[in-house]
file input-v6.csv (CSV, C-alpha atoms)
chain,number,residue,atom,x,y,z
A,1,MET,CA,0.0,0.0,0.0
A,2,GLU,CA,1.1,3.6,-0.6
A,3,SER,CA,1.7,6.2,2.1
A,4,GLY,CA,2.1,9.9,2.0
A,5,ALA,CA,5.5,11.4,1.6
A,6,PRO,CA,7.1,11.2,5.1
A,7,HIS,CA,9.0,14.1,6.7
A,8,ARG,CA,12.7,13.9,7.5
A,9,TRP,CA,13.7,11.4,10.2
A,10,ASP,CA,17.2,12.6,10.9
A,11,LEU,CA,16.1,15.0,13.7
A,12,THR,CA,17.4,15.8,17.1
A,13,PRO,CA,15.0,15.0,20.0
A,14,ARG,CA,14.3,18.7,20.4
A,15,GLU,CA,13.4,19.0,16.7
A,16,ALA,CA,11.3,15.8,16.9
A,17,ALA,CA,9.2,17.1,19.8
A,18,SER,CA,8.7,20.4,17.9
A,19,LEU,CA,7.5,18.5,14.9
A,20,GLN,CA,5.0,16.5,17.0
A,21,ARG,CA,3.5,19.8,18.2
A,22,GLU,CA,3.1,20.9,14.6
A,23,MET,CA,1.7,17.7,13.3
A,24,ALA,CA,-0.8,17.3,16.1
A,25,ALA,CA,-2.9,19.9,14.3
A,26,GLN,CA,-3.4,17.4,11.5
A,27,VAL,CA,-5.1,14.8,13.7
A,28,VAL,CA,-8.8,14.3,13.0
A,29,ALA,CA,-10.3,13.0,16.3
A,30,ARG,CA,-13.9,12.3,15.0
A,31,GLY,CA,-15.8,10.1,12.7
A,32,GLY,CA,-14.7,6.6,11.9
A,33,PRO,CA,-15.9,4.0,9.3
A,34,PRO,CA,-19.3,2.4,9.8
A,35,GLU,CA,-19.1,-1.3,10.7
A,36,HIS,CA,-20.7,-2.5,7.4
A,37,ASP,CA,-18.0,-0.7,5.4
A,38,VAL,CA,-15.1,-2.4,7.1
A,39,ARG,CA,-13.6,-5.5,5.4
A,40,THR,CA,-10.0,-5.4,6.7
A,41,ILE,CA,-8.4,-4.4,10.0
A,42,ALA,CA,-4.6,-4.2,10.4
A,43,GLY,CA,-2.4,-4.3,13.4
A,44,ALA,CA,1.2,-2.9,13.6
A,45,ASP,CA,4.1,-3.4,16.0
A,46,VAL,CA,7.9,-3.2,16.1
A,47,ALA,CA,10.4,-5.4,17.9
A,48,PHE,CA,13.9,-4.2,18.5
A,49,ASP,CA,17.4,-5.7,18.7
A,50,ARG,CA,19.2,-3.0,20.6
A,51,ALA,CA,22.6,-4.7,20.4
A,52,HIS,CA,22.7,-4.3,16.6
A,53,ARG,CA,20.6,-1.1,16.4
A,54,ARG,CA,18.0,-2.7,14.2
A,55,GLY,CA,14.3,-3.6,14.4
A,56,VAL,CA,11.5,-5.6,12.8
A,57,GLY,CA,8.4,-3.9,11.6
A,58,ALA,CA,5.4,-6.2,11.5
A,59,VAL,CA,1.9,-5.6,10.0
A,60,VAL,CA,-0.9,-8.2,10.1
A,61,ALA,CA,-4.1,-7.7,8.1
A,62,LEU,CA,-7.2,-9.4,9.3
A,63,ALA,CA,-10.6,-10.0,7.6
A,64,TYR,CA,-13.5,-8.5,9.4
A,65,PRO,CA,-15.6,-9.8,11.1
A,66,SER,CA,-14.0,-13.2,11.1
A,67,LEU,CA,-10.6,-11.8,12.3
A,68,GLU,CA,-8.8,-14.4,10.2
A,69,VAL,CA,-5.3,-13.4,9.0
A,70,VAL,CA,-5.3,-12.6,5.3
A,71,GLU,CA,-1.8,-11.1,5.1
A,72,GLU,CA,1.4,-10.8,7.2
A,73,VAL,CA,4.4,-8.7,6.4
A,74,SER,CA,7.6,-8.2,8.4
A,75,VAL,CA,10.7,-6.2,7.4
A,76,GLU,CA,14.0,-5.7,9.1
A,77,SER,CA,15.5,-2.2,9.2
A,78,ALA,CA,18.3,-0.2,10.8
A,79,VAL,CA,17.3,2.0,13.8
A,80,THR,CA,18.8,5.4,13.9
A,81,PHE,CA,16.8,7.4,16.4
A,82,PRO,CA,17.7,7.0,20.1
A,83,TYR,CA,15.3,5.7,22.7
A,84,VAL,CA,13.5,8.8,24.1
A,85,PRO,CA,10.2,8.4,26.0
A,86,GLY,CA,7.5,10.4,24.2
A,87,LEU,CA,9.4,10.2,20.9
A,88,LEU,CA,9.1,6.5,20.2
A,89,SER,CA,7.3,7.1,16.9
A,90,PHE,CA,10.6,8.5,15.4
A,91,ARG,CA,12.3,5.2,16.4
A,92,GLU,CA,9.5,2.9,15.3
A,93,ILE,CA,7.8,4.3,12.2
A,94,PRO,CA,10.8,4.3,9.9
A,95,VAL,CA,11.0,0.6,10.6
A,96,LEU,CA,7.3,0.1,10.0
A,97,LEU,CA,6.9,2.1,6.7
A,98,PRO,CA,8.8,-0.5,4.6
A,99,ALA,CA,6.4,-3.2,5.9
A,100,PHE,CA,3.3,-1.1,4.9
A,101,ALA,CA,4.9,-0.5,1.5
A,102,ARG,CA,4.9,-4.3,1.0
A,103,LEU,CA,1.3,-4.8,2.2
A,104,ARG,CA,-1.0,-5.6,-0.7
A,105,THR,CA,-4.2,-4.8,1.2
A,106,ARG,CA,-5.1,-1.3,2.3
A,107,PRO,CA,-6.9,-1.7,5.6
A,108,ASP,CA,-10.1,0.1,6.5
A,109,VAL,CA,-9.0,0.4,10.2
A,110,LEU,CA,-5.5,0.3,11.7
A,111,MET,CA,-4.6,-0.5,15.3
A,112,ALA,CA,-1.2,0.5,16.5
A,113,ASP,CA,0.5,-1.0,19.5
A,114,GLY,CA,1.0,2.3,21.4
A,115,HIS,CA,-0.6,5.6,22.4
A,116,GLY,CA,-2.2,8.1,20.1
A,117,TYR,CA,-3.8,11.3,21.5
A,118,ALA,CA,-3.0,10.1,25.0
A,119,HIS,CA,0.5,11.6,24.8
A,120,PRO,CA,2.1,14.7,26.4
A,121,ARG,CA,2.0,16.6,23.0
A,122,ARG,CA,-1.2,14.8,21.8
A,123,PHE,CA,0.7,13.2,19.0
A,124,GLY,CA,1.8,9.7,20.0
A,125,PHE,CA,2.8,6.7,17.8
A,126,ALA,CA,-0.8,5.9,16.6
A,127,CYS,CA,-1.4,9.6,15.6
A,128,HIS,CA,1.9,9.8,13.8
A,129,LEU,CA,1.3,6.6,11.9
A,130,GLY,CA,-2.3,7.4,11.1
A,131,VAL,CA,-1.5,10.8,9.7
A,132,LEU,CA,1.3,9.5,7.5
A,133,LEU,CA,-0.8,6.6,6.2
A,134,ASP,CA,-4.1,8.6,6.1
A,135,LEU,CA,-6.0,5.8,7.8
A,136,PRO,CA,-8.5,5.5,10.6
A,137,THR,CA,-6.1,4.6,13.4
A,138,ILE,CA,-6.5,3.6,17.0
A,139,GLY,CA,-3.9,3.6,19.7
A,140,ILE,CA,-3.9,0.4,21.8
A,141,ALA,CA,-1.6,0.5,24.8
A,142,LYS,CA,-1.0,-1.9,27.7
A,143,SER,CA,0.1,0.8,30.2
A,144,ARG,CA,-0.4,4.5,30.9
A,145,LEU,CA,1.9,7.1,29.5
A,146,VAL,CA,0.3,10.3,30.7
A,147,GLY,CA,-3.0,11.3,32.5
A,148,GLU,CA,-5.0,10.0,35.4
A,149,ALA,CA,-8.1,7.7,35.6
A,150,ARG,CA,-10.0,5.6,38.0
A,151,MET,CA,-10.3,1.9,37.3
A,152,PRO,CA,-13.3,0.9,35.2
A,153,GLY,CA,-15.8,-1.7,36.4
A,154,ALA,CA,-15.0,-5.4,36.2
A,155,ARG,CA,-17.3,-6.2,33.3
A,156,ARG,CA,-16.3,-6.4,29.6
A,157,GLY,CA,-17.0,-3.0,28.0
A,158,ASP,CA,-16.7,-1.0,31.3
A,159,HIS,CA,-14.5,2.0,30.8
A,160,ALA,CA,-13.3,5.2,32.5
A,161,GLU,CA,-12.0,8.5,31.1
A,162,LEU,CA,-8.3,9.1,30.9
A,163,LEU,CA,-7.8,12.7,31.9
A,164,ASP,CA,-4.9,15.1,31.6
A,165,ARG,CA,-5.3,18.6,33.1
A,166,GLY,CA,-9.1,18.2,32.7
A,167,GLU,CA,-9.0,17.1,29.1
A,168,VAL,CA,-10.2,13.6,28.0
A,169,ILE,CA,-7.2,12.1,26.1
A,170,GLY,CA,-8.3,8.5,26.0
A,171,SER,CA,-10.0,5.8,28.0
A,172,VAL,CA,-9.2,2.8,30.2
A,173,LEU,CA,-11.2,-0.1,28.7
A,174,ARG,CA,-12.0,-3.5,30.2
A,175,THR,CA,-12.0,-5.9,27.2
A,176,ARG,CA,-12.6,-9.0,29.3
A,177,GLU,CA,-14.3,-9.5,32.6
A,178,ARG,CA,-11.9,-9.2,35.6
A,179,VAL,CA,-8.9,-8.9,33.3
A,180,ARG,CA,-6.6,-5.9,33.4
A,181,PRO,CA,-7.8,-3.1,31.2
A,182,ILE,CA,-6.1,-1.5,28.2
A,183,TYR,CA,-5.6,2.1,27.3
A,184,VAL,CA,-7.4,3.2,24.1
A,185,SER,CA,-6.9,6.6,22.4
A,186,VAL,CA,-7.6,8.3,19.1
A,187,GLY,CA,-4.9,7.9,16.4
A,188,HIS,CA,-6.5,9.6,13.4
A,189,ARG,CA,-9.8,9.9,11.5
A,190,ILE,CA,-11.9,8.3,14.3
A,191,GLY,CA,-13.6,9.4,17.5
A,192,LEU,CA,-12.8,8.0,21.0
A,193,ALA,CA,-16.2,6.2,21.4
A,194,GLN,CA,-15.8,4.6,18.0
A,195,ALA,CA,-12.2,3.6,18.9
A,196,GLU,CA,-13.5,1.8,22.0
A,197,GLU,CA,-16.1,0.0,20.0
A,198,TRP,CA,-13.6,-1.3,17.5
A,199,ALA,CA,-11.3,-2.4,20.3
A,200,LEU,CA,-14.1,-4.4,21.8
A,201,ARG,CA,-15.2,-5.9,18.5
A,202,CYS,CA,-11.7,-7.2,17.9
A,203,ALA,CA,-10.9,-8.3,21.5
A,204,ARG,CA,-11.1,-12.1,21.9
A,205,ARG,CA,-8.5,-11.8,24.6
A,206,ARG,CA,-7.3,-8.9,26.7
A,207,ILE,CA,-5.5,-7.3,23.7
A,208,PRO,CA,-7.4,-6.8,20.5
A,209,GLU,CA,-6.5,-9.4,17.8
A,210,PRO,CA,-4.8,-6.9,15.3
A,211,THR,CA,-2.2,-5.7,17.8
A,212,ARG,CA,-1.9,-9.0,19.6
A,213,LEU,CA,-1.1,-10.8,16.3
A,214,ALA,CA,1.2,-8.0,15.1
A,215,ASP,CA,3.1,-8.3,18.4
A,216,ALA,CA,3.4,-12.1,18.0
A,217,LEU,CA,4.6,-11.7,14.4
A,218,SER,CA,7.3,-9.1,15.3
A,219,ARG,CA,8.5,-11.4,18.1
A,220,ARG,CA,8.7,-14.4,15.7
A,221,ALA,CA,10.5,-12.3,13.1
A,222,LYS,CA,13.0,-11.0,15.6
A,223,ARG,CA,13.7,-14.6,16.8
A,224,ARG,CA,14.4,-15.6,13.2
A,225,MET,CA,16.6,-12.6,12.7
A,226,LEU,CA,18.6,-13.4,15.8
A,227,GLU,CA,19.0,-17.0,14.8
A,228,ALA,CA,20.4,-15.9,11.5
A,229,THR,CA,22.9,-13.5,13.1
A,230,VAL,CA,26.4,-14.8,13.6
A,231,GLU,CA,29.9,-13.5,14.2
A,232,MET,CA,32.0,-13.7,11.1
A,233,ILE,CA,35.8,-13.7,11.2
A,234,VAL,CA,37.0,-11.9,8.0
A,235,GLU,CA,39.6,-14.0,6.2
A,236,GLN,CA,40.0,-12.0,3.1
A,237,ARG,CA,38.4,-8.9,1.6
A,238,GLU,CA,36.6,-8.5,-1.7
A,239,GLY,CA,39.3,-8.0,-4.3
A,240,ASP,CA,42.2,-9.6,-2.3
A,241,GLU,CA,44.7,-11.6,-4.2
A,242,GLY,CA,45.2,-15.2,-3.0
A,243,ARG,CA,43.5,-17.3,-0.5
A,244,TRP,CA,43.8,-16.3,3.1
A,245,GLU,CA,42.6,-18.5,6.0
A,246,TRP,CA,41.9,-18.2,9.7
A,247,GLN,CA,44.1,-20.5,11.8
A,248,GLU,CA,42.0,-21.3,14.8
A,249,GLU,CA,44.9,-22.7,16.9
A,250,ASP,CA,47.0,-19.6,16.4
A,251,GLU,CA,44.2,-17.1,16.1
A,252,ARG,CA,45.7,-15.4,13.1
A,253,ILE,CA,45.1,-15.1,9.3
A,254,VAL,CA,47.7,-16.8,7.1
A,255,PHE,CA,48.2,-16.8,3.3
A,256,LYS,CA,47.5,-20.3,1.9
A,257,HIS,CA,47.8,-20.2,-1.9
A,258,PRO,CA,47.3,-18.0,-5.0
A,259,LEU,CA,43.7,-17.4,-6.0
A,260,ASP,CA,41.8,-14.9,-8.1
A,261,PRO,CA,40.1,-12.1,-6.2
A,262,MET,CA,36.7,-13.0,-4.9
A,263,PRO,CA,33.6,-10.9,-5.6
A,264,ALA,CA,32.7,-10.6,-1.9
A,265,HIS,CA,34.3,-10.5,1.5
A,266,TYR,CA,35.0,-14.0,2.7
A,267,GLY,CA,35.4,-15.6,6.1
A,268,CYS,CA,34.2,-18.2,8.6
A,269,VAL,CA,31.8,-18.7,11.5
A,270,GLU,CA,33.5,-19.7,14.8
A,271,GLY,CA,31.4,-22.3,16.6
A,272,ALA,CA,29.9,-23.8,13.5
A,273,ARG,CA,31.5,-26.6,11.6
A,274,SER,CA,30.8,-27.6,8.0
A,275,GLU,CA,30.1,-31.3,7.5
A,276,GLY,CA,31.4,-30.9,3.9
A,277,ASP,CA,35.0,-30.3,4.8
A,278,GLY,CA,35.1,-30.5,8.6
A,279,GLU,CA,36.2,-26.9,8.9
A,280,MET,CA,34.5,-23.8,10.1
A,281,LEU,CA,31.4,-22.9,8.1
A,282,ASP,CA,32.2,-20.4,5.4
A,283,VAL,CA,30.3,-17.1,4.9
A,284,MET,CA,30.5,-14.4,2.2
A,285,LEU,CA,29.6,-10.8,3.1
A,286,ALA,CA,28.0,-8.2,0.9
A,287,GLY,CA,27.5,-4.5,1.6
A,288,ALA,CA,29.4,-1.3,1.7
A,289,VAL,CA,31.9,-2.3,4.4
A,290,SER,CA,35.7,-2.3,4.4
A,291,PRO,CA,36.8,-4.8,7.0
A,292,GLU,CA,40.3,-5.8,7.9
A,293,ARG,CA,41.6,-9.4,7.8
A,294,GLY,CA,41.0,-11.0,11.2
A,295,GLU,CA,38.2,-8.5,12.1
A,296,ARG,CA,35.1,-10.0,13.7
A,297,LEU,CA,31.8,-8.7,12.4
A,298,ASP,CA,28.2,-9.6,13.3
A,299,VAL,CA,26.4,-10.4,10.1
A,300,ARG,CA,22.8,-11.4,9.1
A,301,VAL,CA,22.6,-14.6,7.0
A,302,LEU,CA,20.2,-14.3,4.0
A,303,ASP,CA,21.0,-17.1,1.7
A,304,VAL,CA,23.4,-20.1,1.0
A,305,LEU,CA,25.2,-21.2,-2.1
A,306,GLU,CA,24.8,-25.0,-1.9
A,307,ARG,CA,27.5,-27.3,-3.2
A,308,SER,CA,27.3,-31.0,-4.0
A,309,ASP,CA,30.3,-31.7,-1.8
A,310,GLY,CA,28.5,-30.2,1.3
A,311,ASP,CA,31.0,-27.3,1.6
A,312,HIS,CA,28.2,-24.7,1.5
A,313,LYS,CA,28.8,-21.0,1.5
A,314,LEU,CA,26.5,-18.7,3.5
A,315,LEU,CA,25.7,-15.2,2.1
A,316,ALA,CA,25.2,-12.4,4.6
A,317,VAL,CA,25.0,-8.6,5.1
A,318,PRO,CA,26.1,-6.5,8.1
A,319,ALA,CA,23.8,-7.1,11.1
A,320,GLU,CA,23.4,-3.3,11.5
A,321,ALA,CA,22.3,-2.8,7.9
A,322,PRO,CA,19.8,-5.6,7.3
A,323,GLU,CA,18.2,-3.7,4.4
A,324,THR,CA,21.5,-3.7,2.4
A,325,PRO,CA,20.6,-4.2,-1.3
A,326,LEU,CA,22.3,-7.3,-2.8
A,327,GLY,CA,22.1,-6.1,-6.4
A,328,GLY,CA,24.0,-8.6,-8.6
A,329,VAL,CA,26.0,-10.1,-5.8
A,330,ARG,CA,24.6,-13.6,-6.2
A,331,GLU,CA,25.3,-13.5,-10.0
A,332,ARG,CA,28.9,-12.4,-9.5
A,333,ILE,CA,29.5,-15.0,-6.8
A,334,TRP,CA,27.9,-17.8,-8.9
A,335,ALA,CA,30.0,-16.8,-11.9
A,336,TRP,CA,33.2,-16.8,-9.8
A,337,PHE,CA,32.6,-20.3,-8.4
A,338,ALA,CA,31.6,-21.6,-11.8
A,339,ALA,CA,34.7,-20.2,-13.5
A,340,HIS,CA,36.8,-22.0,-10.8
A,341,GLU,CA,34.9,-25.3,-11.5
A,342,LYS,CA,33.5,-25.6,-8.0
A,343,PRO,CA,30.6,-28.1,-7.5
A,344,ILE,CA,27.9,-25.5,-7.0
A,345,VAL,CA,24.2,-26.6,-7.1
A,346,ARG,CA,21.9,-23.7,-6.3
A,347,TRP,CA,21.1,-20.7,-4.1
A,348,GLY,CA,19.1,-22.4,-1.4
A,349,GLY,CA,17.3,-19.4,0.2
A,350,GLU,CA,17.1,-18.1,3.8
A,351,GLU,CA,15.3,-21.1,5.4
A,352,ARG,CA,17.9,-23.5,4.0
A,353,ALA,CA,20.7,-21.2,5.1
A,354,VAL,CA,19.5,-21.1,8.7
A,355,ALA,CA,19.0,-24.8,8.7
A,356,ILE,CA,22.6,-25.4,7.5
A,357,LEU,CA,23.8,-22.9,10.2
A,358,ARG,CA,21.8,-24.7,12.9
A,359,ASP,CA,23.2,-28.1,11.8
A,360,ALA,CA,26.7,-26.7,11.7
A,361,ARG,CA,26.4,-25.3,15.2
A,362,ALA,CA,25.0,-28.6,16.5
A,363,TRP,CA,27.8,-30.6,14.9
A,364,PHE,CA,30.4,-28.2,16.3
A,365,GLY,CA,28.9,-28.9,19.8
A,366,ARG,CA,29.0,-32.6,19.3
A,367,CYS,CA,32.6,-32.5,18.2
A,368,ALA,CA,33.6,-30.3,21.1
A,369,ALA,CA,31.8,-32.7,23.5
A,370,GLU,CA,33.6,-35.7,22.1
A,371,ALA,CA,36.9,-33.9,22.3
A,372,ASP,CA,36.3,-33.2,26.0
A,373,GLY,CA,35.2,-36.8,26.6
A,374,ARG,CA,31.6,-35.8,27.3
A,375,ARG,CA,28.4,-37.2,26.0
A,376,PRO,CA,26.7,-34.8,23.5
A,377,GLY,CA,24.3,-32.5,25.4
A,378,GLU,CA,26.2,-32.7,28.7
A,379,PRO,CA,27.3,-29.4,30.2
A,380,GLY,CA,31.0,-28.6,30.1
A,381,ALA,CA,33.2,-29.0,33.1
call {"tool": "encode", "arguments": {"input": "input-v6.csv", "output": "structure tokens"}}
result
Amino acid sequence: MESGAPHRWDLTPREAASLQREMAAQVVARGGPPEHDVRTIAGADVAFDRAHRRGVGAVVALAYPSLEVVEEVSVESAVTFPYVPGLLSFREIPVLLPAFARLRTRPDVLMADGHGYAHPRRFGFACHLGVLLDLPTIGIAKSRLVGEARMPGARRGDHAELLDRGEVIGSVLRTRERVRPIYVSVGHRIGLAQAEEWALRCARRRIPEPTRLADALSRRAKRRMLEATVEMIVEQREGDEGRWEWQEEDERIVFKHPLDPMPAHYGCVEGARSEGDGEMLDVMLAGAVSPERGERLDVRVLDVLERSDGDHKLLAVPAEAPETPLGGVRERIWAWFAAHEKPIVRWGGEERAVAILRDARAWFGRCAAEADGRRPGEPGA
């Protein structure tokens, strides 16, 4: 789906807060689509990997009223804005917009995992996202950011006004009997009463299904991303003459033999042993990086060049730049290996790459256990 042209994201926290105040005037806090016009409801959420300054934007589209999933999209992106309470939309929305760009279905209602109008500057995550996408948007939050409210009654549908300096900025809504309430607020193009109604219509559990499923998708995608993230020891750089190898016992790089320059940085994964040649699993790195031989880099595995002899080669990008375009890297790598008469079979894809990585780690563990005289699976001494 298309979105409006976003503003600049490379702002200081002071500039971002000022922009929130300006954009708050664009929020439409009334109306909302009639129930009979709604066919699709989407939920959006972001999961972060702070260690590598990256995140996963997740969008789930559900059919209404069945609430069956019709589409799921998750995209990994670098995170550039710092964590600042009240400015989380500047950290999360740049990660989410690429996911919305891949969504084929334009939803009739959007639920965002966060606050909207219930925000110190009346322009939280749900407002920001709703204005940029021009969609009826509702903020669904698990905890309070600003304002005061009494607790609602214990029955489903009971609610209490969330007040800040006398202004109603949202509501505290009980979506299930005797279960902790949620905080609902206007995002854009909908009134508060209608936002509450939609939250209840979509609440099979405490959290409405769109945001609950988006949260689950972002967590699954983050786990997959982390499983595919490894530390690479750079053995030789793209364009280096000769074959250089990491000597594990000496912890140094040595020259092995003459070889034509390779079309990507090349190295190995410590703690993962290839069943093809019994050595550390090989990985090729694409992207605008200039590593040194022997340097250790965290990389995100995307694909694998499979070989008939089992000596497979992983393909990766820097972990902190998961959206790195590969361009013609696969074609150049394939041509190089074919020209050197290597027994290449196919590019196997991400799932196959992660499976090979998982097996290589398991085999390394078995080898280490046997070398220590332990049974596989036993803890080390």
call {"tool": "residues_around", "arguments": {"input": "input-v6.csv", "residues": "A:Arg53", "least_positions_apart": "6", "cutoff": "7 Å", "atoms": "only C-alpha atoms", "output": "PyMOL selection string"}}
result
chain A and resi 78-79+320
call {"tool": "write_last_selection", "arguments": {"input": "input-v6.csv", "atoms": "C-alpha atoms", "output": "PDB file, in the frame of the given file"}}
result
ATOM      1  CA  ALA A  78      18.300  -0.200  10.800  1.00  0.00           C
ATOM      2  CA  VAL A  79      17.300   2.000  13.800  1.00  0.00           C
ATOM      3  CA  GLU A 320      23.400  -3.300  11.500  1.00  0.00           C
TER       4      GLU A 320
END
call {"tool": "residues_near_point", "arguments": {"input": "input-v6.csv", "point": "(1.8, -9.1, 15.6)", "cutoff": "9 Å", "atoms": "all atoms listed in the file", "output": "list of chain:residue names"}}
result
A:Gly43, A:Ala44, A:Asp45, A:Val46, A:Ala58, A:Val59, A:Val60, A:Glu72, A:Glu209, A:Pro210, A:Thr211, A:Arg212, A:Leu213, A:Ala214, A:Asp215, A:Ala216, A:Leu217, A:Ser218, A:Arg219, A:Arg220
call {"tool": "residues_around", "arguments": {"input": "input-v6.csv", "residues": "A:Arg361", "least_positions_apart": "2", "cutoff": "8 Å", "atoms": "all atoms listed in the file", "output": "JSON, numbers by chain"}}
result
{"A": [271, 272, 273, 357, 358, 359, 363, 364, 365]}
call {"tool": "atom_distance", "arguments": {"input": "input-v6.csv", "atom1": "atom CA of A:Ala353", "atom2": "atom CA of A:Trp336"}}
result
19.9 Å
call {"tool": "residues_around", "arguments": {"input": "input-v6.csv", "residues": "A:Arg346", "least_positions_apart": "3", "cutoff": "10 Å", "atoms": "all atoms listed in the file", "output": "PyMOL selection string"}}
result
chain A and resi 304-308+334+343+349
call {"tool": "atom_distance", "arguments": {"input": "input-v6.csv", "atom1": "atom CA of A:Val172", "atom2": "atom CA of A:His159"}}
result
5.4 Å
call {"tool": "residues_near_point", "arguments": {"input": "input-v6.csv", "point": "(18.8, -19.4, 11.5)", "cutoff": "10 Å", "atoms": "all atoms listed in the file", "output": "ChimeraX atom specification"}}
result
/A:223-230,300-302,350-359
call {"tool": "residues_around", "arguments": {"input": "input-v6.csv", "residues": "stretch 185-196 of chain A", "least_positions_apart": "2", "cutoff": "7 Å", "atoms": "only C-alpha atoms", "output": "list in words"}}
result
Val27, Val28, Ala29, Arg30, Gly31, Gly32, His115, Gly116, Tyr117, Ala118, Ala126, Cys127, Gly130, Val131, Leu135, Pro136, Thr137, Ile138, Gly139, Ile140, Ile169, Gly170, Ser171, Tyr183, Trp198, Ala199 and Leu200 of chain A
call {"tool": "write_last_selection", "arguments": {"input": "input-v6.csv", "atoms": "C-alpha atoms", "output": "compact mmCIF listing (two decimals), keeping the file's coordinate frame"}}
result
# COMPACT_ATOMS: atom_id res chain seq x y z
CA VAL A 27 -5.10 14.80 13.70
CA VAL A 28 -8.80 14.30 13.00
CA ALA A 29 -10.30 13.00 16.30
CA ARG A 30 -13.90 12.30 15.00
CA GLY A 31 -15.80 10.10 12.70
CA GLY A 32 -14.70 6.60 11.90
CA HIS A 115 -0.60 5.60 22.40
CA GLY A 116 -2.20 8.10 20.10
CA TYR A 117 -3.80 11.30 21.50
CA ALA A 118 -3.00 10.10 25.00
CA ALA A 126 -0.80 5.90 16.60
CA CYS A 127 -1.40 9.60 15.60
CA GLY A 130 -2.30 7.40 11.10
CA VAL A 131 -1.50 10.80 9.70
CA LEU A 135 -6.00 5.80 7.80
CA PRO A 136 -8.50 5.50 10.60
CA THR A 137 -6.10 4.60 13.40
CA ILE A 138 -6.50 3.60 17.00
CA GLY A 139 -3.90 3.60 19.70
CA ILE A 140 -3.90 0.40 21.80
CA ILE A 169 -7.20 12.10 26.10
CA GLY A 170 -8.30 8.50 26.00
CA SER A 171 -10.00 5.80 28.00
CA TYR A 183 -5.60 2.10 27.30
CA TRP A 198 -13.60 -1.30 17.50
CA ALA A 199 -11.30 -2.40 20.30
CA LEU A 200 -14.10 -4.40 21.80
call {"tool": "residues_around", "arguments": {"input": "input-v6.csv", "residues": "A:Gly239", "least_positions_apart": "6", "cutoff": "8 Å", "atoms": "only C-alpha atoms", "output": "PDB file with C-alpha atoms, keeping the file's coordinate frame"}}
result
ATOM      1  CA  PRO A 261      40.100 -12.100  -6.200  1.00  0.00           C
ATOM      2  CA  MET A 262      36.700 -13.000  -4.900  1.00  0.00           C
ATOM      3  CA  PRO A 263      33.600 -10.900  -5.600  1.00  0.00           C
ATOM      4  CA  ALA A 264      32.700 -10.600  -1.900  1.00  0.00           C
TER       5      ALA A 264
END
call {"tool": "atom_distance", "arguments": {"input": "input-v6.csv", "atom1": "atom CA of A:Trp246", "atom2": "atom CA of A:Arg293"}}
result
9.0 Å
call {"tool": "closest_residue", "arguments": {"input": "input-v6.csv", "among": "A:Glu245, A:Leu297, A:Lys142, A:Ala321", "to": "A:Glu279", "atoms": "only C-alpha atoms"}}
result
A:Glu245
call {"tool": "closest_residue", "arguments": {"input": "input-v6.csv", "among": "A:Asp240, A:Glu76, A:Glu331, A:Asp37", "to": "A:Pro107", "atoms": "all atoms listed in the file"}}
result
A:Asp37
call {"tool": "closest_residue", "arguments": {"input": "input-v6.csv", "among": "A:Leu326, A:Ala149, A:Leu88, A:Ala319", "to": "A:Asp164", "atoms": "all atoms listed in the file"}}
result
A:Ala149
call {"tool": "closest_residue", "arguments": {"input": "input-v6.csv", "among": "A:Asp10, A:Glu248, A:Asp303, A:Glu235", "to": "A:Pro291", "atoms": "all atoms listed in the file"}}
result
A:Glu235
call {"tool": "closest_residue", "arguments": {"input": "input-v6.csv", "among": "A:Ile233, A:Met280, A:Ala101, A:Ala362", "to": "A:Val73", "atoms": "all atoms listed in the file"}}
result
A:Ala101
call {"tool": "closest_residue", "arguments": {"input": "input-v6.csv", "among": "A:Thr175, A:Ile41, A:Val299, A:Ala141", "to": "A:Arg204", "atoms": "all atoms listed in the file"}}
result
A:Thr175
call {"tool": "decode", "arguments": {"input": "input-v6.csv", "residues": "stretch 31-43 of chain A", "atoms": "C-alpha atoms", "output": "PDB file, in the first residue's frame"}}
result
ATOM      1  CA  GLY A  31     -15.782  10.056  12.694  1.00  0.00           C
ATOM      2  CA  GLY A  32     -14.684   6.553  11.853  1.00  0.00           C
ATOM      3  CA  PRO A  33     -15.860   4.013   9.288  1.00  0.00           C
ATOM      4  CA  PRO A  34     -19.292   2.409   9.767  1.00  0.00           C
ATOM      5  CA  GLU A  35     -19.062  -1.266  10.654  1.00  0.00           C
ATOM      6  CA  HIS A  36     -20.696  -2.452   7.420  1.00  0.00           C
ATOM      7  CA  ASP A  37     -17.953  -0.741   5.353  1.00  0.00           C
ATOM      8  CA  VAL A  38     -15.057  -2.449   7.122  1.00  0.00           C
ATOM      9  CA  ARG A  39     -13.574  -5.490   5.404  1.00  0.00           C
ATOM     10  CA  THR A  40      -9.980  -5.425   6.680  1.00  0.00           C
ATOM     11  CA  ILE A  41      -8.398  -4.390   9.975  1.00  0.00           C
ATOM     12  CA  ALA A  42      -4.635  -4.242  10.402  1.00  0.00           C
ATOM     13  CA  GLY A  43      -2.360  -4.270  13.416  1.00  0.00           C
TER      14      GLY A  43
END
